[in-house]
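Enquirer: So that we are looking at the same thing, I have put the structure below in structure tokens.
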Amino acid sequence: MHEYAGVGVSPGRVIGLVRQMPKPVSEPPAGEQLASSTTPDEAVTALKAASQAVQAGLSARAQDARGDARAVLEATALMAADPMLIKAAVKLVRGGASSERAIWDAAASVAEMLHNLGGYMAERATDVFDVRARLVAELRGVPAPGIPAASEPFVLVAHDLAPADTATLDPAKILALVTSGGGPQSHTAIIARALGLPAVVAAVGVEDLADGTEVYLDGTAGTITAEPGESEVAAAAAWASTASKLAVFDGDGRTADGHLVPLLANVGGAKDAVKAAAAGAQGVGLLRTEFCFLERDTEPTLDEQVAAYKGVFDEFAGKKVVIRTLDAGADKPLPFLTDASEPNPALGVRGYRTDWTSPGVLERQLAAIAAAAESSAALVWVMAPMIATVEEAGHFASMCAAAGLETPGVMVEIPSAALRAEHILGQVEFASLGTNDLTQYTMAADRQLGPLAALNSPWQPAVLQLIGLTVTGSRAEGHDKPVGVCGEAAADPALAVVLVGLGVSTLSMTPRALAAVGTVLSSVTLAQAQDLAQLALAAPSAAAAKESVRAKLPILDELGL
């Protein structure tokens, strides 16, 4: 047996056969010409045959897909046989270019033209580049990029997954995810948790695993074992039995001694809200409003926003829904709001700060939230992302008051906000800890980078200390303001216990984590959680903090978490 070590980001113990994500298609050499043994007619024939093959393959996959994935595949299939693209490539071939170079350059020209047209047509530029890679792969006789197709479920291994890759990721066909890149709060990790797929990231060397290799993956321990033995087979069978017991949350988050800890859901639109309500979520701790704004080049209208927000509010009538105002910037650029040329977007104009450079967008969004809340029975709270100072918190609270929103709050994801929580919470009614960014900014470690995965752990004692300071600040100056966690840390059952021990009042997570977190939380008293929190704070490292806490929670091993 050969074992690979990484960072476990989504629990589960499974055995399956490896399928490697095809490597990205490389650009043909600039100016590459037709081989002397190939005529232009032969090259054109090969090009058209590749177009037909790619279109047929994508159309076949679309028939087996559902929802958004089907739409993505159908659109790409149409582009594969686009007359404008193929005609431009044929012209270049007739001029002496190789088939691969011709389709590469033709696609670049078509994409630029679509981009310049703006709006919906600009969005199609991404389809052109996807098709270009598929056509070049077909011409070379190598696997096409993207999630591989297979008749049987498999363990997907890749360097990392791009957001576009996940559109065609079918949980019925994927047993688990393994990447050599990424970190515990990377896009791949978040997707794995949302889909309930066991996953390990930052596992160096896994790209050397051959297709068809049988592996055992432990998404908690962060290990992948090639050619597993009897003990691994038994562990996977035990997990399969346990997983069914963790599928349902009873809707009652509390410790063993009755201390209430409402377990809420992170959602990104009405469809997510339906699933969260069905999973028993006690409310919404984070409604990401970016879903209204992304993939468009103009600001959504007031009516469009009202309808979108109300679709979520109506699923949680009588319950709390915490809505975050637009968190544009960094990895969520918007053409009408953010500057793509910023040298360091993570430290640039993002979140609340966009109101400085584009005043009016936030004000109109708050008006839309207020209108949606007025026509709904949900208890709507509103928070701003990327708040760093007392002045910013006060300004946001005044904007909410002007819009008629009575419960303003802030995201604590910048260390300065945690350090000044006492004064910031004097301006607003609540705080929610965004542990993904709080960890990134505290440790100065990009959460997407695999080599920095160890630094980018929410178990870092420095991060836990900032969480504790935020709670302490919320109880100062005679006020007692609620502090929740809506970052990915809340989905870790062991870390959830620590967060409650630090004084966090609510936990918000992907709906799939509700049952596991609720089960583990109900196994400890509040005093035990407080003791475990102090144990984690005293640890010399993130790894030591996690190990010491897990050793005191035997239920985790019993449940395979």
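To be explicit about the labels: the chains of the structure tokens are called A, B, and onward in the order shown, and within each one the residues are counted from 1, while ligands get numbers from 1 in the order they are shown.
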Quick one: residues within 9 Å of Ala417 (chain A), only C-alpha atoms, excluding same-chain residues fewer than 5 positions away - as a PyMOL selection string?
Expert: chain A and resi 386-390+411-412+424+470
Enquirer: Those residues you just picked out, can you put them in a file as an mmCIF file, in the first residue's frame with N, CA and C atoms?
Expert:
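Saved to part.cif:
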data_model
loop_
_atom_site.group_PDB
_atom_site.id
_atom_site.type_symbol
_atom_site.label_atom_id
_atom_site.label_comp_id
_atom_site.auth_asym_id
_atom_site.auth_seq_id
_atom_site.Cartn_x
_atom_site.Cartn_y
_atom_site.Cartn_z
ATOM 1 N N MET A 386 -16.653 42.858 4.906
ATOM 2 C CA MET A 386 -15.407 43.628 4.840
ATOM 3 C C MET A 386 -15.466 44.941 5.620
ATOM 4 N N ILE A 387 -16.045 44.884 6.815
ATOM 5 C CA ILE A 387 -16.037 46.037 7.700
ATOM 6 C C ILE A 387 -14.746 46.013 8.515
ATOM 7 N N ALA A 388 -14.034 47.145 8.530
ATOM 8 C CA ALA A 388 -12.736 47.189 9.209
ATOM 9 C C ALA A 388 -12.692 48.192 10.361
ATOM 10 N N THR A 389 -13.589 49.193 10.347
ATOM 11 C CA THR A 389 -13.507 50.262 11.354
ATOM 12 C C THR A 389 -14.860 50.552 11.980
ATOM 13 N N VAL A 390 -14.806 51.254 13.098
ATOM 14 C CA VAL A 390 -16.026 51.675 13.795
ATOM 15 C C VAL A 390 -16.839 52.609 12.910
ATOM 16 N N MET A 411 -19.980 41.733 9.159
ATOM 17 C CA MET A 411 -19.137 40.550 9.063
ATOM 18 C C MET A 411 -17.808 40.860 9.753
ATOM 19 N N VAL A 412 -17.344 39.942 10.571
ATOM 20 C CA VAL A 412 -16.019 40.073 11.167
ATOM 21 C C VAL A 412 -15.119 39.098 10.415
ATOM 22 N N ILE A 424 -17.196 48.411 17.601
ATOM 23 C CA ILE A 424 -17.965 48.183 16.382
ATOM 24 C C ILE A 424 -19.371 47.707 16.709
ATOM 25 N N THR A 470 -13.806 38.698 19.727
ATOM 26 C CA THR A 470 -15.046 39.236 19.162
ATOM 27 C C THR A 470 -16.213 38.988 20.110
#
Enquirer: DSSP on the backbone: which residues in region 376-553 of chain A end up as strand (DSSP E)? Give the answer as a PyMOL selection string.
Expert: chain A and resi 379-384+408-412+430-433+483-485+506-509
Enquirer: Save the residues we just selected, N, CA and C atoms, as a JSON list (two decimals), in the first residue's frame?
Expert:
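That gives us result.json:
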[["chain", "number", "residue", "atom", "x", "y", "z"],
["A", 379, "LEU", "N", -37.80, 36.97, 9.54],
["A", 379, "LEU", "CA", -37.15, 37.96, 10.40],
["A", 379, "LEU", "C", -35.81, 38.30, 9.76],
["A", 380, "VAL", "N", -35.77, 39.41, 9.05],
["A", 380, "VAL", "CA", -34.63, 39.74, 8.20],
["A", 380, "VAL", "C", -33.60, 40.59, 8.94],
["A", 381, "TRP", "N", -32.37, 40.06, 9.02],
["A", 381, "TRP", "CA", -31.22, 40.79, 9.52],
["A", 381, "TRP", "C", -30.29, 41.06, 8.34],
["A", 382, "VAL", "N", -29.57, 42.20, 8.37],
["A", 382, "VAL", "CA", -28.72, 42.58, 7.24],
["A", 382, "VAL", "C", -27.31, 42.87, 7.73],
["A", 383, "MET", "N", -26.32, 42.29, 7.03],
["A", 383, "MET", "CA", -24.92, 42.55, 7.44],
["A", 383, "MET", "C", -24.07, 42.93, 6.24],
["A", 384, "ALA", "N", -23.05, 43.72, 6.52],
["A", 384, "ALA", "CA", -22.13, 44.18, 5.48],
["A", 384, "ALA", "C", -20.81, 43.41, 5.58],
["A", 408, "PRO", "N", -29.26, 45.88, 11.72],
["A", 408, "PRO", "CA", -28.01, 45.88, 10.94],
["A", 408, "PRO", "C", -26.91, 45.13, 11.69],
["A", 409, "GLY", "N", -26.00, 44.55, 10.93],
["A", 409, "GLY", "CA", -24.87, 43.84, 11.53],
["A", 409, "GLY", "C", -23.66, 43.94, 10.64],
["A", 410, "VAL", "N", -22.57, 43.32, 11.08],
["A", 410, "VAL", "CA", -21.33, 43.35, 10.29],
["A", 410, "VAL", "C", -20.72, 41.96, 10.23],
["A", 411, "MET", "N", -19.98, 41.73, 9.16],
["A", 411, "MET", "CA", -19.14, 40.55, 9.06],
["A", 411, "MET", "C", -17.81, 40.86, 9.75],
["A", 412, "VAL", "N", -17.34, 39.94, 10.57],
["A", 412, "VAL", "CA", -16.02, 40.07, 11.17],
["A", 412, "VAL", "C", -15.12, 39.10, 10.42],
["A", 430, "PHE", "N", -25.52, 43.02, 15.69],
["A", 430, "PHE", "CA", -24.96, 41.67, 15.73],
["A", 430, "PHE", "C", -23.72, 41.60, 14.86],
["A", 431, "ALA", "N", -23.00, 40.49, 15.01],
["A", 431, "ALA", "CA", -21.84, 40.23, 14.17],
["A", 431, "ALA", "C", -21.86, 38.78, 13.73],
["A", 432, "SER", "N", -21.28, 38.53, 12.57],
["A", 432, "SER", "CA", -21.15, 37.17, 12.06],
["A", 432, "SER", "C", -19.71, 36.98, 11.59],
["A", 433, "LEU", "N", -19.08, 35.94, 12.09],
["A", 433, "LEU", "CA", -17.68, 35.70, 11.78],
["A", 433, "LEU", "C", -17.54, 34.94, 10.46],
["A", 483, "VAL", "N", -23.27, 36.88, 18.40],
["A", 483, "VAL", "CA", -22.18, 36.66, 17.46],
["A", 483, "VAL", "C", -22.32, 35.26, 16.88],
["A", 484, "GLY", "N", -22.47, 35.16, 15.57],
["A", 484, "GLY", "CA", -22.58, 33.86, 14.91],
["A", 484, "GLY", "C", -21.35, 33.57, 14.09],
["A", 485, "VAL", "N", -21.29, 32.38, 13.54],
["A", 485, "VAL", "CA", -20.24, 32.00, 12.59],
["A", 485, "VAL", "C", -20.92, 31.51, 11.33],
["A", 506, "THR", "N", -24.70, 31.26, 17.39],
["A", 506, "THR", "CA", -25.32, 30.50, 16.31],
["A", 506, "THR", "C", -24.25, 30.01, 15.35],
["A", 507, "LEU", "N", -24.55, 28.91, 14.66],
["A", 507, "LEU", "CA", -23.63, 28.36, 13.67],
["A", 507, "LEU", "C", -24.38, 28.20, 12.35],
["A", 508, "SER", "N", -23.76, 28.66, 11.25],
["A", 508, "SER", "CA", -24.39, 28.56, 9.94],
["A", 508, "SER", "C", -23.47, 27.81, 9.00],
["A", 509, "MET", "N", -24.03, 26.90, 8.21],
["A", 509, "MET", "CA", -23.20, 25.97, 7.44],
["A", 509, "MET", "C", -23.93, 25.47, 6.22]]
Enquirer: Excluding same-chain residues fewer than 4 positions from Leu438 (chain A), what lies within 9 Å of it counting only C-alpha atoms, as a PyMOL selection string?
Expert: chain A and resi 412-415+433-434+442-443+458+463+466+487
Enquirer: Name the residues of region 13-216 of chain A that come out as alpha helix (DSSP H) in a backbone DSSP run; write them as a VMD selection string.
Expert: chain A and resid 40 to 64 67 to 80 83 to 94 99 to 117 119 to 123 125 to 140 187 to 195
Enquirer: Within 8 Å of Val312 (chain A), counting only C-alpha atoms, which residues qualify if same-chain residues fewer than 4 places away don't, as a ChimeraX atom specification?
Expert: /A:269-270,273-274,308,316
Enquirer: Name all residues at most 8 Å from Ala533 (chain A) (count only C-alpha atoms; drop same-chain ones fewer than 3 positions away) and give them as a list in words.
Expert: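 The residues that qualify are Val497, Val498, Leu499, Gly501, Leu502, Ala529, Gln530, Ala536 and Leu537 of chain A.
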Enquirer: Counting only C-alpha atoms, figure out which residue out of A:Gly12, A:Ala527, A:Ala172, A:Ala80 gets nearest to Ala236 (chain A).
Expert: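 Counting only C-alpha atoms, the residue closest to Ala236 (chain A) is A:Gly12.
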Enquirer: Work out how far CA of Ala444 (chain A) is from CA of Pro343 (chain A), in Å to one decimal.
Expert: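 Separation of CA of Pro343 (chain A) and CA of Ala444 (chain A): 15.9 Å.
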Enquirer: Could you pull the residues within 12 Å of Gly280 (chain A), counting only C-alpha atoms, minus those fewer than 6 positions along the same chain, as a PDB file with N, CA and C atoms, in the first residue's frame?
Expert:
ATOM      1  N   ALA A 247     -27.959  11.612   8.073  1.00  0.00           N
ATOM      2  CA  ALA A 247     -28.594  12.260   6.923  1.00  0.00           C
ATOM      3  C   ALA A 247     -29.695  13.232   7.320  1.00  0.00           C
ATOM      4  N   VAL A 248     -30.186  13.137   8.571  1.00  0.00           N
ATOM      5  CA  VAL A 248     -31.345  13.937   8.968  1.00  0.00           C
ATOM      6  C   VAL A 248     -31.047  14.721  10.237  1.00  0.00           C
ATOM      7  N   PHE A 249     -31.315  16.017  10.210  1.00  0.00           N
ATOM      8  CA  PHE A 249     -31.196  16.889  11.380  1.00  0.00           C
ATOM      9  C   PHE A 249     -32.583  17.087  11.960  1.00  0.00           C
ATOM     10  N   ASP A 250     -32.699  16.981  13.287  1.00  0.00           N
ATOM     11  CA  ASP A 250     -34.023  17.069  13.907  1.00  0.00           C
ATOM     12  C   ASP A 250     -34.505  18.492  14.129  1.00  0.00           C
ATOM     13  N   GLY A 251     -33.700  19.474  13.708  1.00  0.00           N
ATOM     14  CA  GLY A 251     -34.137  20.863  13.818  1.00  0.00           C
ATOM     15  C   GLY A 251     -34.011  21.455  15.202  1.00  0.00           C
ATOM     16  N   ASP A 252     -33.170  20.848  16.043  1.00  0.00           N
ATOM     17  CA  ASP A 252     -33.029  21.322  17.424  1.00  0.00           C
ATOM     18  C   ASP A 252     -31.556  21.338  17.802  1.00  0.00           C
ATOM     19  N   GLY A 253     -30.884  22.474  17.588  1.00  0.00           N
ATOM     20  CA  GLY A 253     -29.479  22.588  17.934  1.00  0.00           C
ATOM     21  C   GLY A 253     -29.303  22.972  19.388  1.00  0.00           C
ATOM     22  N   PRO A 262     -28.790  27.586  17.852  1.00  0.00           N
ATOM     23  CA  PRO A 262     -29.481  27.419  16.566  1.00  0.00           C
ATOM     24  C   PRO A 262     -28.501  27.102  15.432  1.00  0.00           C
ATOM     25  N   LEU A 263     -28.849  26.087  14.663  1.00  0.00           N
ATOM     26  CA  LEU A 263     -28.024  25.684  13.519  1.00  0.00           C
ATOM     27  C   LEU A 263     -28.710  26.173  12.250  1.00  0.00           C
ATOM     28  N   LEU A 264     -28.056  27.089  11.570  1.00  0.00           N
ATOM     29  CA  LEU A 264     -28.608  27.759  10.399  1.00  0.00           C
ATOM     30  C   LEU A 264     -27.900  27.291   9.131  1.00  0.00           C
ATOM     31  N   ALA A 265     -28.383  27.756   7.989  1.00  0.00           N
ATOM     32  CA  ALA A 265     -27.821  27.321   6.707  1.00  0.00           C
ATOM     33  C   ALA A 265     -27.248  28.495   5.933  1.00  0.00           C
ATOM     34  N   ALA A 273     -32.398  27.654  -0.626  1.00  0.00           N
ATOM     35  CA  ALA A 273     -33.257  27.846   0.545  1.00  0.00           C
ATOM     36  C   ALA A 273     -34.250  26.702   0.685  1.00  0.00           C
ATOM     37  N   VAL A 274     -34.785  26.225  -0.428  1.00  0.00           N
ATOM     38  CA  VAL A 274     -35.717  25.094  -0.397  1.00  0.00           C
ATOM     39  C   VAL A 274     -35.035  23.868   0.199  1.00  0.00           C
ATOM     40  N   GLU A 315     -39.268  30.960   2.274  1.00  0.00           N
ATOM     41  CA  GLU A 315     -39.006  29.585   2.729  1.00  0.00           C
ATOM     42  C   GLU A 315     -38.796  29.513   4.241  1.00  0.00           C
ATOM     43  N   PHE A 316     -38.570  30.682   4.865  1.00  0.00           N
ATOM     44  CA  PHE A 316     -38.285  30.705   6.303  1.00  0.00           C
ATOM     45  C   PHE A 316     -39.179  31.716   7.025  1.00  0.00           C
ATOM     46  N   LYS A 319     -38.818  32.835  10.776  1.00  0.00           N
ATOM     47  CA  LYS A 319     -37.467  32.483  11.214  1.00  0.00           C
ATOM     48  C   LYS A 319     -36.459  33.540  10.748  1.00  0.00           C
ATOM     49  N   THR A 510     -23.243  24.673   5.394  1.00  0.00           N
ATOM     50  CA  THR A 510     -23.919  23.993   4.314  1.00  0.00           C
ATOM     51  C   THR A 510     -24.952  23.048   4.918  1.00  0.00           C
ATOM     52  N   PRO A 511     -26.157  22.950   4.354  1.00  0.00           N
ATOM     53  CA  PRO A 511     -27.209  22.118   4.948  1.00  0.00           C
ATOM     54  C   PRO A 511     -26.794  20.669   5.191  1.00  0.00           C
ATOM     55  N   ARG A 512     -25.891  20.133   4.385  1.00  0.00           N
ATOM     56  CA  ARG A 512     -25.472  18.745   4.552  1.00  0.00           C
ATOM     57  C   ARG A 512     -24.722  18.510   5.862  1.00  0.00           C
ATOM     58  N   ALA A 513     -24.213  19.572   6.475  1.00  0.00           N
ATOM     59  CA  ALA A 513     -23.445  19.413   7.717  1.00  0.00           C
ATOM     60  C   ALA A 513     -24.315  19.509   8.964  1.00  0.00           C
ATOM     61  N   LEU A 514     -25.570  19.886   8.819  1.00  0.00           N
ATOM     62  CA  LEU A 514     -26.423  20.141   9.976  1.00  0.00           C
ATOM     63  C   LEU A 514     -26.537  18.931  10.905  1.00  0.00           C
ATOM     64  N   ALA A 515     -26.806  17.764  10.337  1.00  0.00           N
ATOM     65  CA  ALA A 515     -27.031  16.571  11.162  1.00  0.00           C
ATOM     66  C   ALA A 515     -25.777  16.185  11.935  1.00  0.00           C
ATOM     67  N   GLY A 518     -25.084  18.822  14.644  1.00  0.00           N
ATOM     68  CA  GLY A 518     -26.096  18.705  15.696  1.00  0.00           C
ATOM     69  C   GLY A 518     -25.866  17.490  16.580  1.00  0.00           C
TER      70      GLY A 518
END
Enquirer: Excluding same-chain residues fewer than 4 positions from Trp459 (chain A), what lies within 8 Å of it counting only C-alpha atoms, as a list in words?
Expert: Val463, Leu464, Leu495, Ala536, Ala542, Ala543, Ala545 and Lys546 of chain A
